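Shown next: coords13.txt, given as compact mmCIF, C-alpha atoms and all ligand atoms.
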# COMPACT_ATOMS: atom_id res chain seq x y z
CA MET A 1 0.00 0.00 0.00
CA SER A 2 1.46 3.35 -0.91
CA HIS A 3 1.90 6.07 1.61
CA SER A 4 -0.58 8.33 -0.16
CA ALA A 5 -3.12 5.53 -0.44
CA VAL A 6 -2.99 5.13 3.30
CA SER A 7 -3.19 8.85 3.95
CA GLN A 8 -6.29 9.12 1.79
CA GLN A 9 -7.97 6.54 3.94
CA ALA A 10 -7.82 8.71 7.03
CA ALA A 11 -10.83 8.17 9.21
CA THR A 12 -12.25 5.56 6.84
CA ALA A 13 -13.57 2.46 8.53
CA VAL A 14 -12.48 -0.66 6.72
CA SER A 15 -13.64 -4.20 6.92
CA VAL A 16 -11.47 -6.68 8.71
CA SER A 17 -11.37 -10.32 7.93
CA VAL A 18 -10.33 -12.74 10.58
CA GLY A 19 -8.16 -15.76 10.71
CA ASN A 20 -10.46 -18.39 12.17
CA GLU A 21 -14.12 -19.16 12.80
CA ARG A 22 -14.07 -18.18 16.43
CA SER A 23 -12.55 -14.83 15.82
CA LEU A 24 -14.85 -11.88 15.52
CA ARG A 25 -14.72 -9.08 13.08
CA ARG A 26 -13.10 -5.85 14.05
CA SER A 27 -12.89 -2.54 12.31
CA VAL A 28 -9.65 -0.81 11.75
CA PHE A 29 -9.46 2.92 11.32
CA LYS A 30 -6.62 5.00 10.07
CA HIS A 31 -6.95 8.44 11.58
CA ASN A 32 -4.52 11.14 12.56
CA ASN A 33 -1.62 8.90 11.68
CA SER A 34 -2.53 6.22 14.16
CA ILE A 35 -4.04 2.82 13.73
CA SER A 36 -6.72 1.75 16.11
CA PHE A 37 -8.56 -1.51 16.31
CA ASN A 38 -12.22 -0.95 16.98
CA THR A 39 -13.58 -3.61 19.30
CA LYS A 40 -16.22 -3.56 21.98
CA SER A 41 -13.47 -3.61 24.53
CA SER A 42 -12.15 -0.51 26.21
CA TRP A 43 -9.15 -0.86 23.95
CA SER A 44 -11.17 0.33 20.98
CA SER A 45 -9.35 3.57 20.50
CA SER A 46 -6.07 2.98 22.12
CA LEU A 47 -4.19 0.11 20.62
CA ALA A 48 -2.56 2.66 18.42
CA LEU A 49 1.14 3.04 18.44
CA ASN A 50 2.29 6.46 19.37
CA GLN A 51 2.96 7.75 15.89
CA LYS A 52 3.60 11.42 15.94
CA THR A 53 4.69 11.62 12.35
CA THR A 54 2.98 10.48 9.22
CA THR A 55 3.59 6.79 8.87
CA THR A 56 2.91 4.21 6.27
CA ILE A 57 0.93 1.11 7.12
CA ARG A 58 2.75 -1.74 5.52
CA ASP A 59 1.79 -5.27 6.25
CA ALA A 60 2.63 -7.95 3.79
CA ARG A 61 1.29 -10.91 5.69
CA ARG A 62 -2.26 -10.01 6.45
CA TYR A 63 -3.03 -6.69 4.84
CA THR A 64 -3.69 -7.30 1.23
CA SER A 65 -5.93 -4.63 -0.23
CA THR A 66 -5.78 -0.88 -0.13
CA THR A 67 -9.07 -0.71 1.68
CA THR A 68 -8.90 -3.70 3.95
CA LEU A 69 -6.68 -4.38 6.87
CA CYS A 70 -7.01 -7.90 8.15
CA MET A 71 -6.58 -8.80 11.76
CA SER A 72 -7.05 -12.04 13.59
CA VAL A 73 -8.26 -11.31 17.07
CA GLN A 74 -10.81 -12.91 19.32
CA GLN A 75 -13.41 -10.71 20.90
CA ALA A 76 -12.47 -9.54 24.34
CA SER A 77 -14.52 -11.24 27.03
CA SER A 78 -13.94 -8.34 29.39
CA SER A 79 -12.32 -4.97 29.13
CA LYS A 80 -9.16 -6.87 28.27
CA VAL A 81 -8.30 -8.37 24.91
CA SER A 82 -8.55 -12.14 24.44
CA VAL A 83 -5.41 -13.95 23.42
CA SER A 84 -4.65 -17.26 21.80
CA PRO A 85 -3.38 -19.93 21.70
CA ILE A 86 -3.56 -20.24 25.46
CA GLU A 87 -1.18 -23.22 25.24
CA LEU A 88 1.53 -20.56 25.23
CA GLU A 89 0.90 -20.41 28.99
CA ASP A 90 1.58 -24.12 29.46
CA PRO A 91 5.36 -24.61 29.55
CA SER A 92 6.90 -24.18 32.97
CA ASP A 93 10.17 -22.92 31.51
CA PRO A 94 10.77 -20.23 28.92
CA PRO A 95 11.72 -21.25 25.38
CA LEU A 96 15.46 -20.82 24.86
CA ASN A 97 17.65 -20.78 21.72
CA LEU A 98 15.23 -22.66 19.51
CA TYR A 99 17.17 -21.30 16.54
CA LYS A 100 20.92 -20.74 16.52
CA PRO A 101 23.17 -18.62 14.27
CA LYS A 102 24.06 -21.59 12.05
CA ASP A 103 20.43 -22.68 11.84
CA SER A 104 18.42 -19.47 12.04
CA TYR A 105 14.69 -19.09 11.40
CA THR A 106 13.53 -17.22 8.32
CA ALA A 107 10.75 -14.91 9.45
CA LYS A 108 8.99 -12.17 7.51
CA ILE A 109 8.69 -8.48 8.17
CA VAL A 110 5.06 -7.49 8.69
CA SER A 111 5.46 -3.74 9.24
CA VAL A 112 7.99 -1.06 10.05
CA GLU A 113 6.68 2.10 11.67
CA ARG A 114 8.59 5.15 12.76
CA VAL A 115 7.36 5.78 16.29
CA VAL A 116 9.02 9.06 17.21
CA GLY A 117 8.09 12.58 16.22
CA PRO A 118 10.01 14.98 13.98
CA LYS A 119 11.83 16.67 16.87
CA ALA A 120 13.25 13.41 18.25
CA PRO A 121 16.99 13.15 17.83
CA GLY A 122 17.40 10.01 15.74
CA GLU A 123 14.89 7.51 14.52
CA THR A 124 13.23 4.64 16.36
CA CYS A 125 11.03 2.10 14.62
CA HIS A 126 8.47 -0.42 15.81
CA ILE A 127 8.96 -3.53 13.73
CA VAL A 128 6.49 -6.40 13.63
CA ILE A 129 7.87 -9.77 12.57
CA ASP A 130 5.83 -12.78 11.50
CA HIS A 131 7.22 -16.03 12.93
CA ASP A 132 4.02 -17.95 12.27
CA GLY A 133 4.09 -19.42 15.76
CA ASN A 134 7.45 -21.13 15.22
CA LEU A 135 9.57 -18.89 17.44
CA PRO A 136 7.69 -18.62 20.74
CA TYR A 137 9.14 -16.41 23.47
CA TRP A 138 8.26 -14.97 26.82
CA GLU A 139 8.01 -11.33 27.79
CA GLY A 140 11.45 -9.93 28.57
CA GLN A 141 13.35 -12.19 26.16
CA SER A 142 15.31 -11.10 23.11
CA TYR A 143 15.58 -12.25 19.54
CA GLY A 144 18.85 -12.33 17.62
CA VAL A 145 18.87 -10.87 14.11
CA ILE A 146 21.46 -11.74 11.47
CA PRO A 147 21.57 -8.90 8.95
CA PRO A 148 22.06 -9.92 5.32
CA GLY A 149 25.50 -9.57 3.81
CA GLU A 150 29.05 -10.47 4.60
CA ASN A 151 30.87 -9.90 7.85
CA PRO A 152 33.60 -7.37 6.99
CA LYS A 153 35.84 -8.86 9.64
CA LYS A 154 35.38 -12.43 8.38
CA PRO A 155 35.12 -12.44 4.56
CA GLY A 156 32.69 -15.08 3.32
CA ALA A 157 31.01 -15.41 6.71
CA PRO A 158 27.65 -13.90 7.66
CA HIS A 159 27.38 -10.92 9.99
CA ASN A 160 27.36 -11.51 13.72
CA VAL A 161 24.02 -11.78 15.49
CA ARG A 162 22.63 -8.57 17.03
CA LEU A 163 20.22 -8.92 19.94
CA TYR A 164 16.96 -7.00 20.28
CA SER A 165 14.59 -7.03 23.25
CA ILE A 166 11.14 -8.18 22.23
CA ALA A 167 8.60 -5.40 22.70
CA SER A 168 5.44 -7.51 22.51
CA THR A 169 3.94 -10.19 24.71
CA ARG A 170 4.15 -13.83 23.70
CA TYR A 171 0.86 -13.30 21.86
CA GLY A 172 2.31 -10.55 19.68
CA ASP A 173 0.66 -7.35 18.59
CA PHE A 174 -2.16 -9.29 16.92
CA PHE A 175 -2.84 -11.44 20.01
CA ASP A 176 -2.53 -14.67 18.04
CA GLY A 177 0.96 -15.87 19.04
CA LYS A 178 2.33 -15.48 15.53
CA THR A 179 4.28 -12.26 15.62
CA ALA A 180 6.96 -10.56 17.69
CA SER A 181 7.71 -6.85 17.75
CA LEU A 182 11.01 -5.04 18.15
CA CYS A 183 11.72 -1.44 19.06
CA VAL A 184 14.86 -0.47 17.14
CA ARG A 185 16.86 2.72 17.14
CA ARG A 186 18.70 3.39 13.91
CA ALA A 187 22.44 3.64 14.65
CA VAL A 188 23.79 6.57 12.64
CA TYR A 189 27.43 7.62 12.64
CA TYR A 190 28.37 11.30 12.66
CA ASP A 191 31.96 12.23 11.96
CA PRO A 192 33.18 13.97 15.12
CA GLU A 193 35.23 16.46 13.12
CA THR A 194 32.78 17.48 10.41
CA GLY A 195 29.59 16.68 12.33
CA LYS A 196 28.30 15.11 9.11
CA GLU A 197 26.74 11.68 8.79
CA ASP A 198 29.06 9.03 7.37
CA PRO A 199 26.74 6.35 5.97
CA SER A 200 29.64 3.91 5.51
CA LYS A 201 29.85 3.71 9.31
CA ASN A 202 26.15 3.50 10.11
CA GLY A 203 25.01 0.50 12.15
CA VAL A 204 24.46 -2.54 9.92
CA CYS A 205 21.58 -4.35 11.59
CA SER A 206 19.55 -1.45 12.96
CA ASN A 207 19.58 0.20 9.51
CA PHE A 208 18.65 -3.08 7.84
CA LEU A 209 15.71 -3.42 10.24
CA CYS A 210 14.50 0.18 9.99
CA ASP A 211 14.79 0.11 6.17
CA SER A 212 13.14 -3.28 5.71
CA LYS A 213 9.81 -3.63 3.92
CA PRO A 214 6.77 -5.84 4.54
CA GLY A 215 7.38 -9.29 3.15
CA ASP A 216 11.18 -9.06 3.46
CA ASN A 217 12.85 -12.12 4.92
CA ILE A 218 14.70 -11.77 8.20
CA GLN A 219 17.00 -14.31 9.85
CA ILE A 220 16.18 -14.75 13.53
CA THR A 221 17.87 -16.63 16.35
CA GLY A 222 16.73 -17.24 19.91
CA PRO A 223 14.78 -16.47 21.88
CA SER A 224 17.35 -15.72 24.55
CA GLY A 225 17.60 -14.26 28.01
CA LYS A 226 16.23 -15.10 31.43
CA VAL A 227 17.29 -12.02 33.41
CA MET A 228 14.34 -9.89 32.34
CA LEU A 229 11.60 -12.48 32.61
CA LEU A 230 8.59 -11.16 34.49
CA PRO A 231 8.20 -13.09 37.74
CA GLU A 232 4.56 -14.12 37.90
CA ASN A 233 4.35 -16.16 41.07
CA ASP A 234 2.79 -13.25 42.98
CA PRO A 235 -0.05 -11.26 41.34
CA ASN A 236 0.38 -8.61 44.06
CA ALA A 237 4.06 -8.00 43.29
CA THR A 238 5.59 -4.58 42.63
CA HIS A 239 7.61 -4.14 39.44
CA ILE A 240 9.75 -1.01 39.14
CA MET A 241 10.88 -0.62 35.55
CA ILE A 242 13.64 1.79 34.60
CA ALA A 243 14.33 2.46 30.91
CA THR A 244 16.21 4.78 28.67
CA GLY A 245 15.06 4.92 25.03
CA THR A 246 14.55 1.53 23.41
CA GLY A 247 15.15 -0.01 26.84
CA VAL A 248 11.39 0.40 27.22
CA ALA A 249 10.89 -2.56 24.84
CA PRO A 250 10.57 -5.36 27.40
CA TYR A 251 8.32 -3.20 29.59
CA ARG A 252 5.90 -2.64 26.74
CA GLY A 253 5.56 -6.42 26.67
CA TYR A 254 5.15 -6.67 30.45
CA LEU A 255 2.55 -3.91 30.55
CA ARG A 256 0.46 -5.33 27.74
CA ARG A 257 0.46 -8.62 29.63
CA LEU A 258 -0.43 -6.99 32.94
CA PHE A 259 -3.06 -4.54 31.71
CA MET A 260 -4.15 -5.16 28.14
CA GLU A 261 -4.44 -8.89 27.65
CA ASP A 262 -6.93 -11.29 29.13
CA VAL A 263 -4.32 -13.85 30.16
CA PRO A 264 -5.86 -17.00 31.62
CA ASN A 265 -5.19 -17.46 35.35
CA TYR A 266 -3.18 -14.27 35.69
CA GLY A 267 -4.93 -11.29 37.19
CA PHE A 268 -2.40 -8.64 38.15
CA LYS A 269 -3.30 -6.74 41.30
CA GLY A 270 0.11 -5.33 42.22
CA LEU A 271 1.97 -2.19 41.19
CA ALA A 272 3.87 -1.58 37.97
CA TRP A 273 5.90 1.63 38.01
CA LEU A 274 7.64 2.76 34.84
CA PHE A 275 10.43 5.35 34.73
CA LEU A 276 11.26 6.29 31.15
CA GLY A 277 14.13 8.56 30.17
CA VAL A 278 14.22 10.02 26.65
CA ALA A 279 15.44 13.26 25.07
CA ASN A 280 12.14 15.08 24.56
CA THR A 281 8.40 14.68 24.16
CA ASP A 282 8.77 13.63 20.54
CA SER A 283 11.05 10.78 21.62
CA LEU A 284 8.50 9.20 23.97
CA LEU A 285 7.78 5.61 23.00
CA TYR A 286 4.39 3.85 23.28
CA ASP A 287 3.08 6.84 25.20
CA ASP A 288 -0.55 6.27 24.15
CA GLU A 289 -0.54 2.75 25.55
CA PHE A 290 1.08 3.80 28.80
CA SER A 291 -1.24 6.79 29.22
CA LYS A 292 -4.21 4.49 28.84
CA TYR A 293 -2.96 2.20 31.62
CA LEU A 294 -2.63 5.28 33.83
CA LYS A 295 -6.23 6.22 33.13
CA ASP A 296 -7.66 2.72 33.50
CA HIS A 297 -5.47 1.37 36.32
CA PRO A 298 -4.49 4.35 38.47
CA ASP A 299 -4.00 2.13 41.54
CA ASN A 300 -1.81 -0.37 39.73
CA PHE A 301 0.28 1.71 37.34
CA ARG A 302 2.57 4.68 37.78
CA PHE A 303 4.50 6.34 34.98
CA ASP A 304 7.27 8.92 35.39
CA LYS A 305 9.10 10.45 32.47
CA ALA A 306 12.46 12.19 32.39
CA LEU A 307 12.89 14.39 29.32
CA SER A 308 16.55 15.34 29.37
CA ARG A 309 16.39 18.08 26.75
CA GLU A 310 13.14 19.63 27.96
CA GLU A 311 13.19 19.39 31.74
CA LYS A 312 15.61 20.46 34.42
CA ASN A 313 16.47 18.54 37.55
CA LYS A 314 16.44 20.25 40.93
CA LYS A 315 20.06 21.35 40.49
CA GLY A 316 19.23 23.03 37.18
CA GLY A 317 20.88 20.30 35.09
CA LYS A 318 19.32 17.98 32.53
CA MET A 319 16.57 15.73 33.84
CA TYR A 320 17.75 12.13 33.64
CA VAL A 321 16.01 9.01 34.79
CA GLN A 322 18.18 8.87 37.93
CA ASP A 323 16.85 12.31 38.93
CA LYS A 324 13.33 10.87 38.87
CA ILE A 325 14.53 7.87 40.88
CA GLU A 326 16.02 10.25 43.43
CA GLU A 327 12.75 12.21 43.62
CA TYR A 328 10.89 9.04 44.63
CA SER A 329 13.77 7.33 46.42
CA ASP A 330 12.00 6.97 49.77
CA GLU A 331 9.11 5.13 48.20
CA ILE A 332 11.39 3.07 45.97
CA PHE A 333 13.57 1.97 48.87
CA LYS A 334 10.50 1.01 50.92
CA LEU A 335 9.09 -0.97 48.01
CA LEU A 336 12.43 -2.74 47.54
CA ASP A 337 12.53 -3.56 51.25
CA ASN A 338 9.10 -5.12 50.79
CA GLY A 339 10.28 -7.35 47.95
CA ALA A 340 9.71 -5.21 44.82
CA HIS A 341 11.46 -6.25 41.63
CA ILE A 342 13.52 -3.56 39.92
CA TYR A 343 14.49 -3.75 36.24
CA PHE A 344 16.95 -1.69 34.22
CA CYS A 345 17.07 -1.75 30.44
CA GLY A 346 18.64 0.55 27.86
CA LEU A 347 22.05 1.91 27.04
CA LYS A 348 24.93 0.77 29.26
CA GLY A 349 25.72 4.39 30.03
CA MET A 350 22.57 4.70 32.13
CA MET A 351 23.83 2.44 34.91
CA PRO A 352 26.71 4.42 36.50
CA GLY A 353 24.52 7.50 37.10
CA ILE A 354 21.70 5.38 38.50
CA GLN A 355 24.02 3.34 40.74
CA ASP A 356 25.64 6.53 42.06
CA THR A 357 22.22 7.95 42.87
CA LEU A 358 21.05 4.78 44.62
CA LYS A 359 24.30 4.62 46.60
CA ARG A 360 23.98 8.25 47.69
CA VAL A 361 20.35 7.78 48.69
CA ALA A 362 21.23 4.63 50.64
CA GLU A 363 24.00 6.46 52.49
CA GLU A 364 21.66 9.34 53.31
CA ARG A 365 19.35 6.75 54.81
CA GLY A 366 22.20 5.28 56.83
CA GLU A 367 22.25 2.09 54.79
CA SER A 368 25.08 0.36 52.97
CA TRP A 369 24.30 0.27 49.25
CA ASP A 370 26.71 -2.61 48.65
CA ALA A 371 24.97 -4.74 51.27
CA LYS A 372 21.55 -3.77 49.93
CA LEU A 373 22.53 -4.52 46.34
CA SER A 374 23.89 -7.95 47.20
CA GLN A 375 20.67 -8.70 49.11
CA LEU A 376 18.56 -7.58 46.12
CA ARG A 377 20.64 -9.79 43.82
CA LYS A 378 20.40 -12.72 46.20
CA ASN A 379 16.62 -12.32 46.41
CA LYS A 380 16.41 -12.15 42.59
CA GLN A 381 14.82 -8.71 42.82
CA TRP A 382 17.51 -6.99 40.69
CA HIS A 383 17.24 -7.38 36.88
CA VAL A 384 19.65 -5.61 34.54
CA GLU A 385 19.92 -5.80 30.76
CA VAL A 386 21.93 -2.96 29.28
CA TYR A 387 23.75 -2.75 25.96
P1 LIG B 1 26.91 -2.05 14.23
O1 LIG B 1 27.09 -2.25 12.78
O2 LIG B 1 27.09 -3.23 15.11
O3 LIG B 1 27.75 -0.83 14.70
C1 LIG B 1 27.78 -0.49 16.09
C2 LIG B 1 28.05 1.00 16.22
O4 LIG B 1 29.33 1.28 15.70
C3 LIG B 1 27.06 1.87 15.44
O5 LIG B 1 26.72 2.97 16.24
C4 LIG B 1 27.85 2.30 14.22
O6 LIG B 1 27.40 3.58 13.72
C5 LIG B 1 29.25 2.38 14.79
N1 LIG B 1 30.31 2.19 13.76
C6 LIG B 1 30.30 1.39 12.68
N2 LIG B 1 31.48 1.48 12.00
C7 LIG B 1 32.24 2.36 12.68
C8 LIG B 1 33.55 2.87 12.51
N3 LIG B 1 34.34 2.49 11.50
N4 LIG B 1 34.01 3.75 13.41
C9 LIG B 1 33.25 4.15 14.46
N5 LIG B 1 31.99 3.71 14.68
C10 LIG B 1 31.50 2.82 13.81
N6 LIG B 1 19.00 -2.06 20.22
C11 LIG B 1 17.80 -1.49 19.93
O7 LIG B 1 17.73 -0.56 19.11
N7 LIG B 1 16.64 -1.94 20.53
C12 LIG B 1 16.64 -2.96 21.42
O8 LIG B 1 15.58 -3.34 21.94
C13 LIG B 1 17.88 -3.57 21.72
N8 LIG B 1 17.95 -4.59 22.60
C14 LIG B 1 19.14 -5.16 22.91
C15 LIG B 1 19.17 -6.21 23.83
C16 LIG B 1 20.36 -6.78 24.17
C17 LIG B 1 20.37 -7.91 25.19
C18 LIG B 1 21.56 -6.33 23.58
C19 LIG B 1 22.89 -6.94 23.94
C20 LIG B 1 21.54 -5.31 22.66
C21 LIG B 1 20.33 -4.71 22.30
N9 LIG B 1 20.27 -3.68 21.36
C22 LIG B 1 19.07 -3.09 21.08
C23 LIG B 1 21.46 -3.22 20.63
C24 LIG B 1 21.60 -3.98 19.29
O9 LIG B 1 21.92 -5.34 19.55
C25 LIG B 1 22.69 -3.44 18.38
O10 LIG B 1 23.90 -3.39 19.09
C26 LIG B 1 22.41 -2.07 17.79
O11 LIG B 1 21.21 -2.09 17.03
C27 LIG B 1 23.56 -1.64 16.86
O12 LIG B 1 23.74 -2.64 15.92
P2 LIG B 1 24.05 -2.28 14.38
O13 LIG B 1 24.29 -3.54 13.65
O14 LIG B 1 23.05 -1.34 13.84
O15 LIG B 1 25.40 -1.47 14.51
This entry written out as structure tokens:
Amino acid sequence: MSHSAVSQQAATAVSVSVGNERSLRRSVFKHNNSISFNTKSSWSSSLALNQKTTTTIRDARRYTSTTTLCMSVQQASSSKVSVSPIELEDPSDPPLNLYKPKDSYTAKIVSVERVVGPKAPGETCHIVIDHDGNLPYWEGQSYGVIPPGENPKKPGAPHNVRLYSIASTRYGDFFDGKTASLCVRRAVYYDPETGKEDPSKNGVCSNFLCDSKPGDNIQITGPSGKVMLLPENDPNATHIMIATGTGVAPYRGYLRRLFMEDVPNYGFKGLAWLFLGVANTDSLLYDDEFSKYLKDHPDNFRFDKALSREEKNKKGGKMYVQDKIEEYSDEIFKLLDNGAHIYFCGLKGMMPGIQDTLKRVAEERGESWDAKLSQLRKNKQWHVEVY
């Protein structure tokens, strides 16, 4: 579908065909550059990605005509969205390394959407991948991607695998267990002397992913990772999620599972608290989804943003995620003392500032941070995945 064809369809309801008999029809609207899936559930207007710029809907697998977007979703039985196949809940252990670099899975790109606004520094894309149910994963795991082409360091050999946190739940963005979504920031190289972009040094895999088109093949490995799995033994648990930029990916998966999906035998009654650090308002990721959780689950969800280029911290410096942590440090420390899980995901550079802040706060409280940290690790409350 061409960009202009999509734009012309703004606010036009289109028929949606569904994958199986039990599924019910939904309407899909394209309006104000966002896609929403119109169901009877309270999610009718808010499954949209946060697309602040004009985007193109491109979906090779299911979307076949210029006027019809097809979606396979069961009707929600409650205000949450039904998911299938529920057998994805059955295994007691997460799937691990089902496909390896020498025997990767060929999946297909469903869609690539820019999800940041024009004033965001850099580009971040939400990429939906069709694995047709063959590459199951759990929330918090990562996929490996092998970009096409030759490894410049090993002529004749393929590129090395790059890991990406999965940004959807195990049911995927279409709730049918057949897709996985990634949140990818395009790595662009600027020459430090001229300040100009040098395309020959741009990141290989992130550019491949952000430039890919619906229907393109993509080599996937994994899933991998256990550190960021969402502990589900206690529905009353507290989960404190700290992210910078694309580090929000696993939390988008968690939060859809906790608040959006009707997951059998898992009713979350605890607290999920997201701290997200990005450059500015245009860089916020999945803001529509998160704002809806705030509205619908005010007792169970908290969301604090740190916009480094728009807000100042109390010392007049840039507002980073650690400044927000400091602001709420009393509550955070109490929650940790009561068994809360704390997660960190994003660029490696985020950790030193956060650790320094936590250490200073602990000392101000007369506690030893080193002792506290080793206790948190021992209790499996401390989850870090930075890159
Ligand atoms: P590469 O080709 O590997 O290049 C790396 C960097 O080097 C780029 O910035 C590139 O511009 C620069 N470069 C290239 N050539 C030169 C040169 N000659 N001189 C100087 N610089 C050069 N990323 C995400 O966007 N989203 C995620 O959810 C995500 N999750 C991750 C999860 C895990 C567990 C891990 C380990 C990493 C994750 N990453 C994620 C990072 C991702 O794996 C890649 O590292 C990232 O996309 C860059 O890969 P690339 O192939 O684009 O860049």
Axis-aligned box over every listed atom of ligand LIG 1 (chain B), padded by 6 Å per side: centre and edges in Å to one decimal, as AutoDock Vina command-line options?
--center_x 25.0 --center_y -1.9 --center_z 18.3 --size_x 30.8 --size_y 24.1 --size_z 25.7
Worksheet item: To one decimal place, how far is CA of Asn379 (chain A) from CA of Phe344 (chain A) in Å?
Response: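 Taking CA of Asn379 (chain A) as the start and CA of Phe344 (chain A) as the end point, the length is 16.2 Å.
Nearest residue to ligand LIG 1 (chain B), choosing from A:Gly225, A:Pro148, A:Pro136, A:Pro214 and counting only C-alpha atoms and all ligand atoms: A:Gly225.
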Practice prompt. Give the answer as one residue: which of A:Ala306, A:Ile109, A:Leu347, A:Val386 has the shortest atom-to-atom distance to Thr281 (chain A), using only C-alpha atoms?
Written response: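 Smallest distance to Thr281 (chain A) is found for A:Ala306.
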Worksheet entry | d(CA of Thr246 (chain A), CA of Pro85 (chain A)) in Å | 28.0 Å
Worksheet item: With distances taken over all atoms listed in the file, which of A:Asn151, A:Thr169, A:Ser206, A:Thr244 is nearest to ligand LIG 1 (chain B)?
Response: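 Using all atoms listed in the file, the shortest distance to ligand LIG 1 (chain B) belongs to A:Ser206.
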